[in-house]
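Contents: one structure, followed by commentary.
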Amino acid sequence: MNGVANISLASESRLGRISFIDLPAQQRRIRTAVERRIQTVLDHGRYIAGPEIDELEERLAERAGAAAAVTCASGTAALIIPLFALGVGAGDAVFIPAFTYNATANAVLVTGATPVFIDIDPATFNIDPRDLKAQIAAVRAEGKLTPKVVIPVDMFGSPADYPAISALAAEEGLSVLSDAAQSFGGALGPRKVGNLATATSTSFFPGKALGAYGDAGAIFAQNADDVEKWTSIRWHGTDQLRKTSVRVGFNGRMDTFQAAVLLEKLNIFDDELAARHHIADVYNTRLSPIARPQRHLPGAVSGSAYYSLCVANRDDVVARVNEMGVPTAIYYTTPLHKMPAFEPYAPEGGLPATEQVCKEIFSLPMHPYLTPDQVDYICGVVEEAAGV
Ligand SMILES: *Cc1c(COP(=O)(O)O)cnc(C)c1O
């Protein structure tokens, strides 16, 4: 396609460098405000549990439509803390997708529980409620483990099928812990991410849609009892005076500097999310005829942390797209059940949909500072590479 080749030559002078995510552009926008916030922390000196932590927890809970938010050290800590609170441990089964970041499985294993890998829906890339039902039955039939928790992961920002999962969990007596590390800002119908499960964990790793300048995370609660337990666990399992250990805990706190940064990032988050949604709409319109973009559930609003799509000849397409100056990422080339650390938990017969998606998926640049010209160029390059 000559047209695209011409665009590509023009792009180097006209479009500048295209970034997969662009934290420097975001920083230019908020730099002065962030410096002011950091100075305030330097002045008051409460590096742990400073007033910014309380302010952030209130603002996060409000944005997520949750009763409360408990900030913590990372997205991984945000998964471990509620699992500890549930008393999950050796002999318990925790159901998770294998198409996720390793933290989801690590959080289960550090409690002593056993991860049971569930296949995904090949269109939404999220945990398949039908396979979940089948695997719960299989675990019960085998009689070695007790089904305790399911952790749906909202891949790339798109909420999992919480209505189906919650109904099944209620029937089976399981707790639902949402891994919303990628989906802060999303929603399903009238309910926001943060209020789709009893407990919702999110990550503020710098590369997530709402990112700190270091490691940070939060857990969204629906009741005071959970808040009390999680707050204790993140502070070495102590009581409210923080002296006596009343349960097993660890240091799972967010530090005040990260809260200060996140408060300024939260101020522009909705504006940034609107820009992400606009870009995702353009990608969907242009690329649906030639590829399979992630499908969202009816009524879902994605947190749009990443934009991912499947093509049959993925490696060729990605090589060509990169050649044309468009950066890509692959989340994930290897499903968890094929990684050495988690292979002992691999289901017999594998996970066909997960394995197929890992061969076909890749992610395009997704950040609020992409220009319309860049988005148009990226679409043209993918169209050409996918062989239109
Ligand atoms: C990033 C991520 C995590 C872990 O978050 P950290 O803040 O890096 O600990 C967990 N689950 C998923 C799905 C993630 O993408």
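Scheme for the structure tokens: letters A, B, ... for chains in order shown; per-chain residue numbers from 1; ligand numbers from 1 in order shown.
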
Write out, as a Markdown table, each residue of chain A that has an atom at most 6 Å from ligand 1, together with the closest pair of atoms and their distance in Å to one decimal, counting only C-alpha atoms and all ligand atoms, rows going by chain and rising number.
```
| residue | atom | partner | partner_atom_place_in_ligand_line | distance |
| --- | --- | --- | --- | --- |
| A:Ser74 | CA | ligand 1 | 7 (O) | 3.9 |
| A:Gly75 | CA | ligand 1 | 7 (O) | 3.4 |
| A:Thr76 | CA | ligand 1 | 9 (O) | 3.7 |
| A:Thr100 | CA | ligand 1 | 13 (C) | 5.3 |
| A:Tyr101 | CA | ligand 1 | 13 (C) | 4.9 |
| A:Ala103 | CA | ligand 1 | 10 (C) | 4.8 |
| A:Thr104 | CA | ligand 1 | 11 (N) | 5.2 |
| A:Val153 | CA | ligand 1 | 13 (C) | 5.9 |
| A:Asp179 | CA | ligand 1 | 11 (N) | 5.9 |
| A:Ala181 | CA | ligand 1 | 14 (C) | 4.7 |
| A:Gln182 | CA | ligand 1 | 15 (O) | 5.3 |
| A:Ser203 | CA | ligand 1 | 7 (O) | 4.2 |
| A:Phe204 | CA | ligand 1 | 7 (O) | 5.7 |
| A:Phe205 | CA | ligand 1 | 7 (O) | 4.6 |
| A:Asp215 | CA | ligand 1 | 7 (O) | 5.9 |
| A:Ala216 | CA | ligand 1 | 7 (O) | 5.8 |
| A:Gly217 | CA | ligand 1 | 7 (O) | 5.8 |
```

Open item on the list: Using only C-alpha atoms, which protein or nucleic acid residues come within 8 Å of A:Gly325? Drop anything in the same chain fewer than 3 positions from it, and give the result as an NGL selection string.
Closed with: :A and (17-18 or 321-322)

Determine, counting only C-alpha atoms, which protein, DNA and RNA residues have an atom within 10 Å of an atom of A:Phe250; residues of the same chain fewer than 6 positions away are not included. Present the result as a PDB file with all heavy atoms, in the first residue's frame.
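Generated output (out.pdb):
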```pdb
ATOM      1  N   ALA A  77       0.270  -6.168  47.313  1.00  0.00           N
ATOM      2  CA  ALA A  77      -0.158  -6.073  48.718  1.00  0.00           C
ATOM      3  C   ALA A  77      -1.676  -5.956  48.791  1.00  0.00           C
ATOM      4  O   ALA A  77      -2.309  -6.521  49.692  1.00  0.00           O
ATOM      5  CB  ALA A  77       0.502  -4.870  49.395  1.00  0.00           C
ATOM      6  N   ILE A  81      -3.548  -8.683  51.234  1.00  0.00           N
ATOM      7  CA  ILE A  81      -4.213  -8.236  52.471  1.00  0.00           C
ATOM      8  C   ILE A  81      -5.636  -8.807  52.590  1.00  0.00           C
ATOM      9  O   ILE A  81      -5.966  -9.416  53.615  1.00  0.00           O
ATOM     10  CB  ILE A  81      -4.168  -6.690  52.593  1.00  0.00           C
ATOM     11  CG1 ILE A  81      -2.715  -6.233  52.844  1.00  0.00           C
ATOM     12  CG2 ILE A  81      -5.100  -6.183  53.692  1.00  0.00           C
ATOM     13  CD1 ILE A  81      -2.480  -4.733  52.680  1.00  0.00           C
ATOM     14  N   SER A 232      -5.432  -3.056  59.786  1.00  0.00           N
ATOM     15  CA  SER A 232      -4.584  -3.740  60.759  1.00  0.00           C
ATOM     16  C   SER A 232      -3.508  -4.578  60.056  1.00  0.00           C
ATOM     17  O   SER A 232      -2.320  -4.490  60.396  1.00  0.00           O
ATOM     18  CB  SER A 232      -5.460  -4.635  61.644  1.00  0.00           C
ATOM     19  OG  SER A 232      -4.687  -5.599  62.331  1.00  0.00           O
ATOM     20  N   ILE A 233      -3.914  -5.358  59.061  1.00  0.00           N
ATOM     21  CA  ILE A 233      -2.961  -6.250  58.378  1.00  0.00           C
ATOM     22  C   ILE A 233      -1.844  -5.441  57.710  1.00  0.00           C
ATOM     23  O   ILE A 233      -0.676  -5.830  57.750  1.00  0.00           O
ATOM     24  CB  ILE A 233      -3.697  -7.154  57.353  1.00  0.00           C
ATOM     25  CG1 ILE A 233      -4.582  -8.169  58.095  1.00  0.00           C
ATOM     26  CG2 ILE A 233      -2.698  -7.898  56.450  1.00  0.00           C
ATOM     27  CD1 ILE A 233      -5.569  -8.905  57.206  1.00  0.00           C
ATOM     28  N   ARG A 234      -2.174  -4.282  57.138  1.00  0.00           N
ATOM     29  CA  ARG A 234      -1.142  -3.502  56.444  1.00  0.00           C
ATOM     30  C   ARG A 234      -0.176  -2.838  57.443  1.00  0.00           C
ATOM     31  O   ARG A 234       0.840  -2.294  57.053  1.00  0.00           O
ATOM     32  CB  ARG A 234      -1.767  -2.448  55.535  1.00  0.00           C
ATOM     33  CG  ARG A 234      -2.300  -1.244  56.273  1.00  0.00           C
ATOM     34  CD  ARG A 234      -2.687  -0.088  55.375  1.00  0.00           C
ATOM     35  NE  ARG A 234      -3.384   0.910  56.171  1.00  0.00           N
ATOM     36  CZ  ARG A 234      -3.962   1.993  55.698  1.00  0.00           C
ATOM     37  NH1 ARG A 234      -3.947   2.232  54.399  1.00  0.00           N
ATOM     38  NH2 ARG A 234      -4.565   2.851  56.486  1.00  0.00           N
ATOM     39  N   TRP A 235      -0.535  -2.854  58.729  1.00  0.00           N
ATOM     40  CA  TRP A 235       0.341  -2.273  59.756  1.00  0.00           C
ATOM     41  C   TRP A 235       0.737  -3.390  60.723  1.00  0.00           C
ATOM     42  O   TRP A 235       0.434  -3.367  61.900  1.00  0.00           O
ATOM     43  CB  TRP A 235      -0.360  -1.113  60.488  1.00  0.00           C
ATOM     44  CG  TRP A 235       0.590  -0.166  61.171  1.00  0.00           C
ATOM     45  CD1 TRP A 235       1.454  -0.462  62.182  1.00  0.00           C
ATOM     46  CD2 TRP A 235       0.766   1.237  60.887  1.00  0.00           C
ATOM     47  NE1 TRP A 235       2.156   0.655  62.540  1.00  0.00           N
ATOM     48  CE2 TRP A 235       1.766   1.716  61.775  1.00  0.00           C
ATOM     49  CE3 TRP A 235       0.186   2.136  59.976  1.00  0.00           C
ATOM     50  CZ2 TRP A 235       2.183   3.054  61.768  1.00  0.00           C
ATOM     51  CZ3 TRP A 235       0.605   3.451  59.982  1.00  0.00           C
ATOM     52  CH2 TRP A 235       1.591   3.894  60.865  1.00  0.00           C
ATOM     53  N   HIS A 236       1.363  -4.444  60.178  1.00  0.00           N
ATOM     54  CA  HIS A 236       1.916  -5.556  60.970  1.00  0.00           C
ATOM     55  C   HIS A 236       0.880  -6.288  61.819  1.00  0.00           C
ATOM     56  O   HIS A 236       1.223  -6.920  62.814  1.00  0.00           O
ATOM     57  CB  HIS A 236       3.056  -5.052  61.878  1.00  0.00           C
ATOM     58  CG  HIS A 236       4.139  -4.348  61.115  1.00  0.00           C
ATOM     59  ND1 HIS A 236       5.085  -5.015  60.373  1.00  0.00           N
ATOM     60  CD2 HIS A 236       4.388  -3.018  60.932  1.00  0.00           C
ATOM     61  CE1 HIS A 236       5.892  -4.140  59.782  1.00  0.00           C
ATOM     62  NE2 HIS A 236       5.479  -2.920  60.098  1.00  0.00           N
ATOM     63  N   GLY A 237      -0.396  -6.184  61.436  1.00  0.00           N
ATOM     64  CA  GLY A 237      -1.428  -6.936  62.157  1.00  0.00           C
ATOM     65  C   GLY A 237      -1.731  -6.387  63.539  1.00  0.00           C
ATOM     66  O   GLY A 237      -2.204  -7.132  64.405  1.00  0.00           O
ATOM     67  N   THR A 238      -1.478  -5.095  63.733  1.00  0.00           N
ATOM     68  CA  THR A 238      -1.667  -4.513  65.074  1.00  0.00           C
ATOM     69  C   THR A 238      -3.089  -4.014  65.297  1.00  0.00           C
ATOM     70  O   THR A 238      -3.869  -3.876  64.348  1.00  0.00           O
ATOM     71  CB  THR A 238      -0.689  -3.335  65.292  1.00  0.00           C
ATOM     72  OG1 THR A 238      -0.824  -2.422  64.195  1.00  0.00           O
ATOM     73  CG2 THR A 238       0.744  -3.815  65.372  1.00  0.00           C
TER      74      THR A 238
END
```

Open item on the list: Which residues are close to A:Ala221, i.e. within 6 Å by only C-alpha atoms, leaving aside same-chain residues fewer than 4 positions away? Reply as a list in words.
Closed with: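 Contacts, in chain order: Ala67, Ala68 and Ala199 of chain A.
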
Go ahead and save the residues from that selection, with N, CA, C and O atoms, as a compact mmCIF listing (two decimals), in the first residue's frame.
```txt
# COMPACT_ATOMS: atom_id res chain seq x y z
N ALA A 67 -17.53 2.09 49.70
CA ALA A 67 -17.75 2.65 51.04
C ALA A 67 -16.45 3.24 51.59
O ALA A 67 -16.47 4.25 52.28
N ALA A 68 -15.32 2.60 51.26
CA ALA A 68 -14.03 3.08 51.76
C ALA A 68 -12.90 2.57 50.87
O ALA A 68 -13.07 1.58 50.16
N ALA A 199 -14.50 -7.15 47.73
CA ALA A 199 -13.18 -6.53 47.87
C ALA A 199 -12.60 -6.31 46.48
O ALA A 199 -12.69 -7.19 45.62
```

Open item on the list: When you count only C-alpha atoms, which of these residues is closest to A:Val261: A:Ala105, A:Ala113, A:Ala98, A:Ala212?
Closed with: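 Result for the nearest residue to A:Val261: A:Ala212.
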
TODO: Would you kindly return, as a PyMOL selection string, each protein, DNA or RNA residue with an atom no farther than 6 Å from any atom of stretch 46-58 of chain A, considering only C-alpha atoms and excluding same-chain residues fewer than 6 positions away?
DONE: chain A and resi 69+255-256+259-260
